[in-house]
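One file, coords27.txt, carrying compact mmCIF, C-alpha atoms and all ligand atoms:
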# COMPACT_ATOMS: atom_id res chain seq x y z
CA MET A 1 -13.75 13.44 -5.47
CA ASN A 2 -14.77 11.86 -8.72
CA ASP A 3 -13.78 13.34 -12.02
CA GLU A 4 -17.05 15.13 -12.73
CA ARG A 5 -17.25 16.72 -9.33
CA ARG A 6 -13.67 17.88 -9.10
CA GLY A 7 -13.31 21.59 -9.43
CA GLN A 8 -17.05 22.14 -9.39
CA PRO A 9 -16.71 25.71 -8.00
CA LEU A 10 -14.49 26.57 -10.94
CA ILE A 11 -17.12 25.39 -13.38
CA ASP A 12 -19.72 27.45 -11.54
CA ALA A 13 -17.51 30.50 -11.65
CA VAL A 14 -16.98 30.15 -15.35
CA ALA A 15 -20.48 29.13 -16.24
CA GLY A 16 -22.75 31.23 -14.09
CA ASP A 17 -26.25 29.94 -14.85
CA GLU A 18 -25.35 28.34 -18.18
CA ALA A 19 -26.45 24.76 -18.80
CA PRO A 20 -23.82 22.31 -17.49
CA ASP A 21 -23.19 21.04 -21.01
CA SER A 22 -22.24 24.34 -22.52
CA ALA A 23 -20.27 25.17 -19.39
CA ARG A 24 -18.30 22.02 -19.94
CA ARG A 25 -17.65 22.91 -23.55
CA ARG A 26 -16.42 26.34 -22.58
CA LEU A 27 -14.24 24.77 -19.99
CA LEU A 28 -12.74 22.47 -22.57
CA LYS A 29 -11.93 25.46 -24.74
CA MET A 30 -10.36 27.13 -21.76
CA ALA A 31 -8.28 24.04 -21.16
CA GLY A 32 -6.58 24.60 -24.49
CA ALA A 33 -5.84 28.18 -23.55
CA ALA A 34 -4.58 27.24 -20.14
CA VAL A 35 -2.12 24.72 -21.55
CA ALA A 36 -0.53 27.51 -23.57
CA LEU A 37 -0.11 29.43 -20.36
CA THR A 38 2.06 26.80 -18.75
CA LEU A 39 5.13 28.89 -19.60
CA ALA A 40 4.13 31.40 -16.99
CA PRO A 41 5.07 30.28 -13.51
CA GLY A 42 2.27 29.28 -11.21
CA VAL A 43 -0.35 28.25 -13.73
CA THR A 44 0.92 24.78 -14.50
CA VAL A 45 -1.20 23.07 -11.88
CA LEU A 46 -4.33 24.84 -13.03
CA ALA A 47 -3.65 23.85 -16.61
CA ARG A 48 -3.12 20.25 -15.71
CA ASP A 49 -6.27 20.21 -13.66
CA LEU A 50 -8.28 21.56 -16.57
CA VAL A 51 -6.80 19.07 -18.98
CA LEU A 52 -7.70 16.26 -16.59
CA LYS A 53 -11.30 17.40 -16.53
CA GLY A 54 -11.26 17.54 -20.30
CA GLY A 55 -11.57 13.77 -20.07
CA ARG A 56 -8.35 12.80 -21.81
CA LYS A 57 -7.64 10.17 -19.23
CA ALA A 58 -9.82 7.07 -19.13
CA ARG A 59 -11.79 6.71 -15.94
CA SER A 60 -10.90 3.59 -14.00
CA PRO A 61 -13.92 1.42 -13.15
CA VAL A 62 -12.65 1.10 -9.59
CA ARG A 63 -11.54 3.86 -7.31
CA TYR A 64 -11.46 2.97 -3.65
CA GLY A 65 -12.19 5.78 -1.24
CA LEU A 66 -13.55 6.69 2.16
CA LEU A 67 -16.33 8.86 3.47
CA ILE A 68 -15.80 10.15 6.98
CA ASP A 69 -18.76 11.65 8.78
CA ALA A 70 -17.42 14.16 11.31
CA ASN A 71 -20.93 14.55 12.69
CA ALA A 72 -20.87 10.92 13.80
CA CYS A 73 -17.19 10.78 14.83
CA LYS A 74 -16.83 10.96 18.61
CA THR A 75 -14.35 13.29 20.31
CA GLY A 76 -11.94 11.24 22.39
CA CYS A 77 -12.60 7.98 20.53
CA ASP A 78 -9.53 6.52 18.87
CA ALA A 79 -10.85 3.09 17.87
CA CYS A 80 -9.77 3.62 14.24
CA VAL A 81 -6.24 4.67 15.21
CA ARG A 82 -5.81 1.69 17.54
CA ALA A 83 -7.19 -0.75 14.98
CA CYS A 84 -4.75 0.55 12.37
CA GLN A 85 -1.82 0.21 14.75
CA ASP A 86 -2.83 -3.31 15.77
CA TYR A 87 -3.48 -4.59 12.28
CA ASN A 88 -0.40 -3.03 10.67
CA GLY A 89 1.97 -3.58 13.58
CA LEU A 90 2.57 0.07 14.48
CA SER A 91 3.36 1.30 17.97
CA HIS A 92 0.57 2.64 20.20
CA ASP A 93 3.04 5.19 21.51
CA PRO A 94 2.57 8.53 19.69
CA GLY A 95 6.28 9.35 20.11
CA PRO A 96 7.90 11.72 17.61
CA ASP A 97 9.77 8.97 15.77
CA ASN A 98 6.90 6.52 15.59
CA ALA A 99 5.01 6.10 12.34
CA GLN A 100 1.55 7.52 12.16
CA TRP A 101 -0.71 6.25 9.40
CA ILE A 102 -3.93 7.69 10.82
CA ARG A 103 -4.49 10.34 13.48
CA LYS A 104 -7.40 12.06 15.13
CA VAL A 105 -7.59 15.78 14.44
CA THR A 106 -9.75 18.25 16.35
CA ILE A 107 -10.69 21.54 14.75
CA THR A 108 -12.35 24.48 16.49
CA ASP A 109 -13.79 27.62 15.00
CA PRO A 110 -12.37 30.30 17.33
CA GLY A 111 -15.28 32.61 16.53
CA THR A 112 -18.12 30.28 17.42
CA GLY A 113 -16.44 27.54 19.41
CA PHE A 114 -17.82 24.92 16.99
CA THR A 115 -15.65 21.82 17.40
CA ARG A 116 -15.25 18.72 15.30
CA SER A 117 -13.04 15.68 15.72
CA PHE A 118 -12.24 13.31 12.87
CA PRO A 119 -9.53 10.96 11.59
CA VAL A 120 -7.06 12.00 8.88
CA MET A 121 -4.95 9.54 6.95
CA CYS A 122 -3.40 9.37 3.46
CA GLN A 123 -6.07 10.87 1.23
CA HIS A 124 -5.13 8.53 -1.65
CA CYS A 125 -4.96 11.45 -4.03
CA GLU A 126 -5.62 11.19 -7.71
CA ASP A 127 -2.60 13.39 -8.38
CA GLY A 128 -0.66 13.07 -5.16
CA ALA A 129 2.38 15.25 -4.61
CA CYS A 130 4.09 12.20 -3.13
CA VAL A 131 3.91 10.42 -6.49
CA ASP A 132 5.08 13.51 -8.39
CA VAL A 133 8.17 14.11 -6.31
CA CYS A 134 9.39 10.56 -5.72
CA PRO A 135 12.73 10.23 -7.53
CA THR A 136 12.58 6.44 -7.80
CA GLY A 137 8.95 5.73 -8.63
CA ALA A 138 8.56 4.04 -5.25
CA SER A 139 5.60 6.23 -4.34
CA PHE A 140 2.92 5.18 -6.80
CA ARG A 141 -0.81 5.07 -7.37
CA ARG A 142 -2.51 1.83 -8.22
CA PRO A 143 -5.15 1.76 -10.95
CA ASP A 144 -7.79 1.33 -8.23
CA GLY A 145 -6.74 4.58 -6.58
CA ILE A 146 -4.77 3.22 -3.63
CA VAL A 147 -1.47 5.09 -3.16
CA LEU A 148 1.39 2.96 -1.84
CA VAL A 149 5.12 3.04 -1.22
CA ASP A 150 6.98 0.26 -3.03
CA LYS A 151 9.55 -0.25 -0.32
CA HIS A 152 11.71 -2.33 -2.62
CA ARG A 153 12.39 0.89 -4.50
CA CYS A 154 12.23 3.51 -1.75
CA ILE A 155 15.62 5.03 -1.01
CA GLY A 156 14.42 6.86 2.08
CA CYS A 157 14.99 10.35 0.72
CA ARG A 158 11.88 11.61 2.56
CA TYR A 159 10.91 13.88 -0.30
CA CYS A 160 7.33 12.59 -0.10
CA LEU A 161 7.15 13.42 3.60
CA MET A 162 7.93 17.02 2.73
CA ALA A 163 5.64 17.17 -0.28
CA CYS A 164 2.44 15.68 1.13
CA PRO A 165 0.22 18.54 2.32
CA TYR A 166 -1.75 16.15 4.53
CA LYS A 167 1.31 15.03 6.53
CA ALA A 168 0.28 11.51 5.67
CA ARG A 169 3.72 9.97 5.27
CA SER A 170 6.04 8.74 8.00
CA PHE A 171 9.65 7.67 7.88
CA VAL A 172 10.87 4.54 9.59
CA GLY A 173 14.11 5.56 11.29
CA ARG A 174 14.75 2.55 13.46
CA VAL A 175 15.08 -1.18 13.03
CA VAL A 176 11.62 -2.71 13.07
CA THR A 177 10.87 -6.12 14.54
CA ASP A 178 7.66 -8.06 14.93
CA GLN A 179 6.15 -6.93 11.62
CA ARG A 180 2.87 -8.30 10.43
CA PRO A 181 3.27 -10.62 7.41
CA TRP A 182 0.63 -8.55 5.58
CA ALA A 183 2.30 -5.21 6.36
CA PRO A 184 6.05 -5.35 5.72
CA ARG A 185 7.88 -2.29 7.05
CA GLY A 186 11.49 -1.57 7.80
CA LYS A 187 14.14 0.98 8.57
CA GLY A 188 15.01 3.50 5.90
CA THR A 189 11.72 3.60 4.03
CA ALA A 190 8.74 5.94 3.87
CA GLU A 191 5.29 4.64 4.61
CA GLY A 192 1.69 5.68 4.99
CA CYS A 193 -1.86 4.39 5.09
CA THR A 194 -2.23 1.52 2.62
CA MET A 195 -6.02 1.51 2.86
CA CYS A 196 -5.36 -1.98 4.27
CA VAL A 197 -4.76 -3.16 0.72
CA GLU A 198 -4.47 -6.82 1.78
CA ARG A 199 -7.85 -6.69 3.47
CA VAL A 200 -9.43 -4.82 0.59
CA MET A 201 -8.10 -7.37 -1.89
CA ALA A 202 -9.60 -10.09 0.31
CA GLY A 203 -12.96 -8.36 0.00
CA LYS A 204 -12.90 -6.80 3.48
CA GLN A 205 -13.06 -3.23 4.72
CA PRO A 206 -10.01 -1.39 6.02
CA ALA A 207 -9.29 -2.03 9.71
CA CYS A 208 -10.23 1.53 10.76
CA VAL A 209 -13.62 1.36 9.08
CA ALA A 210 -14.40 -2.01 10.66
CA ALA A 211 -13.32 -0.72 14.09
CA CYS A 212 -15.46 2.40 13.82
CA GLN A 213 -18.47 0.27 13.03
CA LYS A 214 -17.68 -2.09 15.88
CA ALA A 215 -17.45 0.88 18.25
CA GLY A 216 -20.97 1.74 17.16
CA HIS A 217 -20.18 5.15 15.66
CA LYS A 218 -20.46 4.29 11.98
CA ALA A 219 -18.54 7.43 11.09
CA MET A 220 -16.45 5.79 8.36
CA MET A 221 -17.51 4.26 5.09
CA PHE A 222 -15.36 2.46 2.52
CA GLY A 223 -16.14 1.59 -1.07
CA ASN A 224 -15.73 2.06 -4.77
CA LEU A 225 -16.33 5.73 -5.58
CA HIS A 226 -16.63 4.97 -9.29
CA ASP A 227 -19.45 2.46 -8.93
CA PRO A 228 -22.64 4.56 -8.88
CA LYS A 229 -24.48 1.70 -7.16
CA SER A 230 -22.00 1.33 -4.28
CA ALA A 231 -23.22 2.46 -0.86
CA ILE A 232 -20.50 5.08 -0.64
CA ALA A 233 -21.29 6.58 -4.05
CA VAL A 234 -25.01 6.69 -3.25
CA ARG A 235 -24.26 8.42 0.05
CA LEU A 236 -21.92 10.91 -1.62
CA SER A 237 -24.64 11.80 -4.10
CA LYS A 238 -27.12 12.47 -1.27
CA VAL A 239 -25.25 14.42 1.41
CA ALA A 240 -23.03 17.50 1.26
CA THR A 241 -19.40 16.47 1.57
CA THR A 242 -16.05 18.06 0.98
CA THR A 243 -12.42 17.06 0.72
CA ILE A 244 -9.63 18.60 2.76
CA ARG A 245 -7.77 21.31 0.86
CA ALA A 246 -9.71 20.64 -2.31
CA ASP A 247 -8.11 23.86 -3.61
CA LEU A 248 -4.82 22.00 -4.08
CA GLY A 249 -6.43 20.03 -6.90
CA MET A 250 -4.90 16.70 -5.92
CA GLY A 251 -8.27 14.95 -5.96
CA PRO A 252 -8.32 13.19 -2.58
CA GLY A 253 -10.16 9.89 -2.39
CA VAL A 254 -11.19 10.57 1.20
CA HIS A 255 -14.35 12.64 1.60
CA TYR A 256 -15.56 14.36 4.74
CA ARG A 257 -18.99 15.31 5.93
CA GLY A 258 -19.60 17.92 8.59
CA ILE A 259 -16.34 19.86 8.56
CA MET B 260 21.90 -11.65 -18.19
CA HIS B 261 25.12 -13.38 -19.37
CA ALA B 262 26.95 -11.81 -16.47
CA ARG B 263 24.29 -13.12 -14.10
CA ALA B 264 24.41 -16.57 -15.57
CA GLY B 265 28.18 -16.42 -15.21
CA VAL B 266 27.95 -15.38 -11.60
CA LEU B 267 25.47 -18.14 -10.97
CA ALA B 268 27.70 -20.70 -12.65
CA VAL B 269 30.66 -19.61 -10.56
CA LEU B 270 28.50 -19.73 -7.46
CA LEU B 271 27.37 -23.26 -8.25
CA VAL B 272 30.93 -24.39 -8.86
CA VAL B 273 31.98 -22.81 -5.59
CA LEU B 274 29.06 -24.51 -3.90
CA ALA B 275 29.93 -27.86 -5.40
CA LEU B 276 33.59 -27.47 -4.46
CA GLY B 277 32.51 -26.42 -1.00
CA ALA B 278 30.38 -29.49 -0.71
CA VAL B 279 33.22 -31.74 -1.84
CA TRP B 280 35.57 -29.99 0.54
CA ALA B 281 33.09 -30.25 3.38
CA THR B 282 32.48 -33.96 2.91
CA HIS B 283 36.14 -34.79 2.49
CA GLN B 284 37.89 -32.43 4.85
CA GLY B 285 35.16 -31.44 7.23
CA PRO B 286 36.12 -27.91 8.35
CA VAL B 287 32.82 -26.39 7.17
CA PRO B 288 29.90 -28.62 8.04
CA MET B 289 27.30 -29.07 5.33
CA PRO B 290 24.17 -27.14 6.19
CA VAL B 291 21.43 -29.26 7.65
CA ILE B 292 18.30 -27.81 6.09
CA PRO B 293 15.13 -28.18 8.12
CA ARG B 294 12.46 -29.93 6.10
CA ALA B 295 9.03 -28.41 5.69
CA PRO B 296 5.91 -30.55 5.61
CA GLY B 297 4.09 -31.07 2.32
CA HIS B 298 5.19 -30.08 -1.15
CA CYS B 299 6.97 -26.95 -2.28
CA VAL B 300 5.53 -24.78 -5.06
CA LEU B 301 8.37 -25.98 -7.34
CA PRO B 302 10.72 -28.99 -7.30
CA THR B 303 13.51 -28.55 -4.76
CA ALA B 304 16.21 -28.39 -7.44
CA SER B 305 14.42 -25.49 -9.18
CA MET B 306 13.83 -23.66 -5.94
CA ARG B 307 17.48 -23.94 -4.99
CA ARG B 308 18.57 -22.32 -8.22
CA THR B 309 15.80 -19.83 -8.84
CA HIS B 310 14.15 -18.79 -5.59
CA MET B 311 15.94 -15.45 -5.53
CA MET B 312 14.90 -14.63 -9.09
CA LEU B 313 11.35 -15.74 -8.41
CA LEU B 314 11.07 -13.64 -5.30
CA ARG B 315 12.46 -10.62 -7.05
CA ALA B 316 10.11 -11.00 -9.99
CA VAL B 317 6.98 -11.55 -7.98
CA ARG B 318 7.66 -8.75 -5.54
CA GLU B 319 7.26 -6.41 -8.47
CA GLU B 320 4.10 -8.17 -9.62
CA ILE B 321 2.57 -8.23 -6.15
CA VAL B 322 3.34 -4.71 -4.99
CA ARG B 323 2.87 -2.83 -8.23
CA HIS B 324 0.53 -4.99 -10.30
CA ASP B 325 -1.36 -6.61 -7.46
CA ALA B 326 -0.83 -10.22 -8.48
CA ARG B 327 -1.55 -11.17 -4.88
CA ASP B 328 -2.92 -14.57 -5.77
CA THR B 329 0.47 -15.86 -6.86
CA ARG B 330 1.93 -18.98 -5.26
CA PHE B 331 5.34 -17.40 -4.96
CA ARG B 332 4.86 -15.17 -1.96
CA ILE B 333 7.50 -14.75 0.67
CA THR B 334 4.74 -15.01 3.29
CA HIS B 335 3.92 -18.46 1.96
CA CYS B 336 7.58 -19.53 2.14
CA VAL B 337 7.67 -18.43 5.76
CA ALA B 338 4.36 -20.09 6.62
CA CYS B 339 5.63 -23.50 5.40
CA HIS B 340 9.27 -23.35 6.41
CA VAL B 341 8.97 -21.97 9.92
CA GLU B 342 10.07 -24.28 12.75
CA HIS B 343 8.67 -24.25 16.25
CA THR B 344 10.24 -24.54 19.67
CA ALA B 345 9.26 -27.38 21.97
CA SER B 346 6.70 -25.08 23.52
CA GLY B 347 5.21 -24.29 20.12
CA GLN B 348 6.69 -20.83 19.60
CA PRO B 349 7.62 -20.10 15.96
CA ILE B 350 11.35 -19.55 15.36
CA PRO B 351 12.22 -16.83 12.79
CA VAL B 352 13.27 -18.45 9.49
CA ASN B 353 16.38 -16.26 9.43
CA ALA B 354 17.53 -17.29 12.92
CA PRO B 355 20.75 -19.36 13.05
CA GLY B 356 20.16 -22.92 11.91
CA GLN B 357 16.75 -22.12 10.48
CA PHE B 358 15.61 -22.66 6.91
CA CYS B 359 16.84 -19.42 5.31
CA ALA B 360 19.86 -18.97 7.54
CA THR B 361 21.49 -22.39 7.08
CA CYS B 362 22.29 -22.05 3.37
CA HIS B 363 22.86 -18.32 3.37
CA THR B 364 25.34 -18.60 6.20
CA TYR B 365 27.06 -21.49 4.40
CA VAL B 366 27.44 -19.56 1.13
CA GLY B 367 28.03 -16.23 2.87
CA VAL B 368 25.10 -14.40 1.28
CA HIS B 369 23.46 -11.75 3.38
CA ILE B 370 19.68 -11.54 3.01
CA ASP B 371 17.79 -8.31 3.51
CA CYS B 372 14.24 -9.67 3.15
CA PHE B 373 13.54 -9.86 6.86
CA ALA B 374 14.51 -6.27 7.59
CA CYS B 375 10.95 -5.55 6.46
CA HIS B 376 9.18 -8.90 6.07
CA ALA B 377 7.98 -10.92 9.02
CA ALA B 378 10.15 -13.99 9.62
CA VAL B 379 7.39 -15.82 11.46
CA PRO B 380 3.80 -16.31 10.34
CA ARG B 381 1.03 -14.59 12.27
CA ASN B 382 -2.60 -15.46 12.51
CA PRO B 383 -4.50 -12.58 10.91
CA MET B 384 -7.57 -13.54 12.92
CA LYS B 385 -5.80 -12.18 15.98
CA PHE B 386 -5.23 -8.77 14.43
CA GLY B 387 -8.51 -7.14 13.67
CA GLY B 388 -10.09 -10.42 12.71
CA ILE B 389 -9.86 -10.58 8.95
CA GLY B 390 -7.58 -10.29 5.98
CA GLY B 391 -3.88 -10.85 5.79
CA SER B 392 -1.91 -13.13 3.55
CA ASN B 393 -0.64 -15.65 6.01
CA SER B 394 -2.44 -18.63 4.72
CA VAL B 395 -1.50 -20.34 1.49
CA GLN B 396 -5.20 -20.88 0.97
CA ALA B 397 -6.07 -17.20 1.23
CA ALA B 398 -7.83 -16.30 -1.97
CA PHE B 399 -7.04 -12.83 -3.15
CA ARG B 400 -9.30 -11.34 -5.67
CA ILE B 401 -8.28 -8.75 -8.19
CA PRO B 402 -11.41 -6.98 -9.39
CA GLN B 403 -12.07 -8.53 -12.79
CA ALA B 404 -12.46 -5.14 -14.39
CA LEU B 405 -8.92 -4.21 -13.34
CA ARG B 406 -7.07 -7.40 -14.09
CA GLY B 407 -5.81 -6.24 -17.47
CA ARG B 408 -4.77 -2.88 -16.15
CA PHE B 409 -2.84 -4.29 -13.27
CA LEU B 410 -0.98 -6.80 -15.31
CA SER B 411 -0.13 -4.53 -18.21
CA GLY B 412 -0.13 -1.08 -16.62
CA GLY B 413 2.88 0.19 -14.74
CA ALA B 414 3.16 2.77 -11.99
CA GLY B 415 0.30 5.22 -11.93
CA GLY B 416 -1.86 3.17 -14.24
CA GLY B 417 -5.27 4.36 -15.35
CA ARG B 418 -7.23 7.02 -13.57
S1 LIG C 501 -2.36 12.31 1.07
FE1 LIG C 501 -0.18 12.71 0.78
S2 LIG C 501 0.78 10.66 0.76
FE2 LIG C 501 -1.43 10.35 0.41
S3 LIG C 501 -1.67 10.36 -1.86
FE3 LIG C 501 -2.04 12.48 -1.15
S4 LIG C 501 -0.03 13.46 -1.36
FE4 LIG C 501 0.35 11.24 -1.40
S1 LIG C 502 11.16 8.52 0.75
FE1 LIG C 502 10.89 6.76 -0.68
S2 LIG C 502 8.75 6.93 -1.40
FE2 LIG C 502 9.29 8.93 -0.46
S3 LIG C 502 10.01 10.20 -2.19
FE3 LIG C 502 11.86 9.22 -1.30
S4 LIG C 502 12.13 7.31 -2.48
FE4 LIG C 502 10.03 8.04 -2.91
For the structure just supplied, provide its representation as structure tokens.
Ligand code: SF4
Ligand code: SF4
Amino acid sequence: MNDERRGQPLIDAVAGDEAPDSARRRLLKMAGAAVALTLAPGVTVLARDLVLKGGRKARSPVRYGLLIDANACKTGCDACVRACQDYNGLSHDPGPDNAQWIRKVTITDPGTGFTRSFPVMCQHCEDGACVDVCPTGASFRRPDGIVLVDKHRCIGCRYCLMACPYKARSFVGRVVTDQRPWAPRGKGTAEGCTMCVERVMAGKQPACVAACQKAGHKAMMFGNLHDPKSAIAVRLSKVATTTIRADLGMGPGVHYRGI
Amino acid sequence: MHARAGVLAVLLVVLALGAVWATHQGPVPMPVIPRAPGHCVLPTASMRRTHMMLLRAVREEIVRHDARDTRFRITHCVACHVEHTASGQPIPVNAPGQFCATCHTYVGVHIDCFACHAAVPRNPMKFGGIGGSNSVQAAFRIPQALRGRFLSGGAGGGR
């Protein structure tokens, strides 16, 4: 979610039907108050979130993100998962000790029976718990929003696996052979979706997005969220979308429609 | 840094002595280093002395600051220095007798690189069609707007 949109419900709650501008000013005032409250347990995250929205941090011109349309995603299709495994050299076998960078999740409303199926991967959070907890700085966020593990620094403590609320990180527990040159991975390190950083830097889309398009479902979209003219930003401004567990305030870069 | 230079000096002396010993006495054969086609990114003498420092420096630049268009990529080393079997299968560069293994076995230095990195090149066209850093020619673009940030900013960077 981009900086302006993050925490929108909070602004609404504070502002009621005030003009957005004055709501923002009041929010900024509140931010000061909230910082003072950081001594009390439990309010630190809220305070930090408010300070972030106060605009103290410069907005990067590039933030890569995804838009996943659960209305278009087909139950039973795993083209994105397979493409990820092929491109990054992961096993097709969903065994318990095999890394999982992207998985299909099916949700059902028990009351109505409404069912949706969609892929979940690292949400490339703005303030990811994985980055916060990493004791070595191995888990880091690039200025363009892509969250990676620097495996040269990772000590395999698995703290990030525990911390990530999206279960997006895996641990490599066995010797790996037959790696892809563009996706180094080895025993004793944590890993997760890299948003196919090598492809993205070569001007291509991530493998999952390309595969979804090839399968004819067009349920995934990739682009620069901070470029108002990009297809993904235009789409986000037109349709109702959400992020998973937006309440955690980590600012995921992966948006969902239809869930 | 002095300590490192010292270690390096000692290593070179040991190497030189080893070479003298090998040529004169013959118990440890001199490594026969497979030759790669074309030209290396630096003169051979420089590469011999500095490749480990170069690789360590650029790994930081590539992973954290996205200097993916550098010449000094381990994937490029592999792409040039890989040997093939008679039937055309690539042989891992860390396999016995291969480019990385010959010297490192001779000097008794264990290398960890290929616990994670691929020791043979792969054709990215066969894996989802596009991307990958296999080819020396691959042009990697850093968005112009971010260049400064990547090169100066550390972990986390701007928002
Ligand atoms: S989804 Fe998990 S691993 Fe990915 S950035 Fe967020 S906290 Fe980190
Ligand atoms: S497993 Fe690696 S990346 Fe994850 S928290 Fe530990 S050191 Fe950091």
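The residue that comes closest to chain B, out of A:Ala211, A:Cys130, A:Ala79, A:Ala72 and on the basis of all atoms listed in the file, is A:Ala211.
The spacing separating atom CA of A:Gly173 from atom S1 of ligand LIG 502 (chain C) amounts to 11.3 Å.
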query: Mind listing the residues within 6 Å of ligand LIG 501 (chain C), only C-alpha atoms and all ligand atoms counted, as a PyMOL selection string?
result: chain A and resi 122-125+128-130+147+164+166+168-169
task: Do a neighbour search on stretch 373-384 of chain B at 10 Å with all atoms listed in the file, toss out local chain neighbours closer than 2 positions, and write the hits as JSON, numbers by chain.
output: {"A": [87, 151, 152, 175, 176, 177, 178, 179, 180, 181, 182, 183, 184, 185, 186, 187, 188, 189], "B": [333, 334, 335, 336, 337, 338, 339, 340, 341, 342, 343, 348, 349, 350, 351, 352, 353, 354, 359, 370, 371, 386, 387, 388, 389, 390, 391, 392, 393, 394]}
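Taking only C-alpha atoms and all ligand atoms into account, every polymer residue with at least one atom at most 8 Å away from ligand LIG 502 (chain C) is listed here: Cys130, Val131, Val133, Cys134, Pro135, Thr136, Gly137, Ala138, Ser139, Val149, Asp150, Lys151, Arg153, Cys154, Ile155, Gly156, Cys157, Arg158, Tyr159, Cys160, Leu161, Phe171, Thr189, Ala190 and Glu191 of chain A.
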- request: Please measure the separation of atom CA of A:Thr106 and atom CA of A:Lys167, giving the value in Å to one decimal.
  value: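 For atom CA of A:Thr106 relative to atom CA of A:Lys167, the distance reads 15.1 Å.
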- prompt: What gap, in Å, lies between atom CA of A:Asp78 and atom CA of A:Ser91?
  reply: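 Pair atom CA of A:Asp78 / atom CA of A:Ser91 returns 13.9 Å.
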query: Out of A:Phe140, A:Trp101, A:Tyr64, A:Phe118, which residue has the shortest atom-to-atom distance to chain B when counting only C-alpha atoms?
result: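 Looking at the shortest contact to chain B, the residue is A:Phe140.
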- prompt: Which of these, A:Ser230, A:Gln100, A:Gln85, A:Thr241, has the shortest distance to chain B once you count all atoms listed in the file?
  reply: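 Smallest separation from chain B among the options: A:Gln85.
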Starting from the incomplete input, reconstruct N, CA, C and O atoms of stretch 155-166 of chain A and write that as a PDB file, in the frame of the given file.
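So the final result, stored in rebuild-v7.pdb, reads:
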ATOM      1  N   ILE A 155      14.248   4.806  -1.459  1.00  0.00           N
ATOM      2  CA  ILE A 155      15.620   5.030  -1.010  1.00  0.00           C
ATOM      3  C   ILE A 155      15.661   5.856   0.271  1.00  0.00           C
ATOM      4  O   ILE A 155      16.711   6.249   0.744  1.00  0.00           O
ATOM      5  N   GLY A 156      14.480   6.151   0.807  1.00  0.00           N
ATOM      6  CA  GLY A 156      14.420   6.860   2.080  1.00  0.00           C
ATOM      7  C   GLY A 156      14.820   8.319   2.007  1.00  0.00           C
ATOM      8  O   GLY A 156      15.309   8.882   2.977  1.00  0.00           O
ATOM      9  N   CYS A 157      14.582   8.941   0.868  1.00  0.00           N
ATOM     10  CA  CYS A 157      14.990  10.350   0.720  1.00  0.00           C
ATOM     11  C   CYS A 157      14.043  11.296   1.467  1.00  0.00           C
ATOM     12  O   CYS A 157      14.367  12.434   1.721  1.00  0.00           O
ATOM     13  N   ARG A 158      12.878  10.839   1.790  1.00  0.00           N
ATOM     14  CA  ARG A 158      11.880  11.610   2.560  1.00  0.00           C
ATOM     15  C   ARG A 158      11.284  12.792   1.792  1.00  0.00           C
ATOM     16  O   ARG A 158      10.713  13.699   2.382  1.00  0.00           O
ATOM     17  N   TYR A 159      11.483  12.797   0.498  1.00  0.00           N
ATOM     18  CA  TYR A 159      10.910  13.880  -0.300  1.00  0.00           C
ATOM     19  C   TYR A 159       9.383  13.875  -0.170  1.00  0.00           C
ATOM     20  O   TYR A 159       8.746  14.916  -0.044  1.00  0.00           O
ATOM     21  N   CYS A 160       8.794  12.678  -0.181  1.00  0.00           N
ATOM     22  CA  CYS A 160       7.330  12.590  -0.100  1.00  0.00           C
ATOM     23  C   CYS A 160       6.806  13.100   1.233  1.00  0.00           C
ATOM     24  O   CYS A 160       5.714  13.667   1.294  1.00  0.00           O
ATOM     25  N   LEU A 161       7.584  12.918   2.296  1.00  0.00           N
ATOM     26  CA  LEU A 161       7.150  13.420   3.600  1.00  0.00           C
ATOM     27  C   LEU A 161       7.007  14.934   3.553  1.00  0.00           C
ATOM     28  O   LEU A 161       6.092  15.512   4.134  1.00  0.00           O
ATOM     29  N   MET A 162       7.953  15.562   2.852  1.00  0.00           N
ATOM     30  CA  MET A 162       7.930  17.020   2.730  1.00  0.00           C
ATOM     31  C   MET A 162       6.803  17.474   1.813  1.00  0.00           C
ATOM     32  O   MET A 162       6.180  18.498   2.031  1.00  0.00           O
ATOM     33  N   ALA A 163       6.567  16.712   0.763  1.00  0.00           N
ATOM     34  CA  ALA A 163       5.640  17.170  -0.280  1.00  0.00           C
ATOM     35  C   ALA A 163       4.178  16.991   0.102  1.00  0.00           C
ATOM     36  O   ALA A 163       3.341  17.788  -0.293  1.00  0.00           O
ATOM     37  N   CYS A 164       3.851  15.962   0.850  1.00  0.00           N
ATOM     38  CA  CYS A 164       2.440  15.680   1.130  1.00  0.00           C
ATOM     39  C   CYS A 164       1.830  16.764   2.009  1.00  0.00           C
ATOM     40  O   CYS A 164       2.266  16.965   3.136  1.00  0.00           O
ATOM     41  N   PRO A 165       0.825  17.468   1.519  1.00  0.00           N
ATOM     42  CA  PRO A 165       0.220  18.540   2.320  1.00  0.00           C
ATOM     43  C   PRO A 165      -0.636  18.006   3.471  1.00  0.00           C
ATOM     44  O   PRO A 165      -1.037  18.775   4.328  1.00  0.00           O
ATOM     45  N   TYR A 166      -0.910  16.715   3.483  1.00  0.00           N
ATOM     46  CA  TYR A 166      -1.750  16.150   4.530  1.00  0.00           C
ATOM     47  C   TYR A 166      -0.913  15.502   5.637  1.00  0.00           C
ATOM     48  O   TYR A 166      -1.465  14.857   6.527  1.00  0.00           O
TER      49      TYR A 166
END
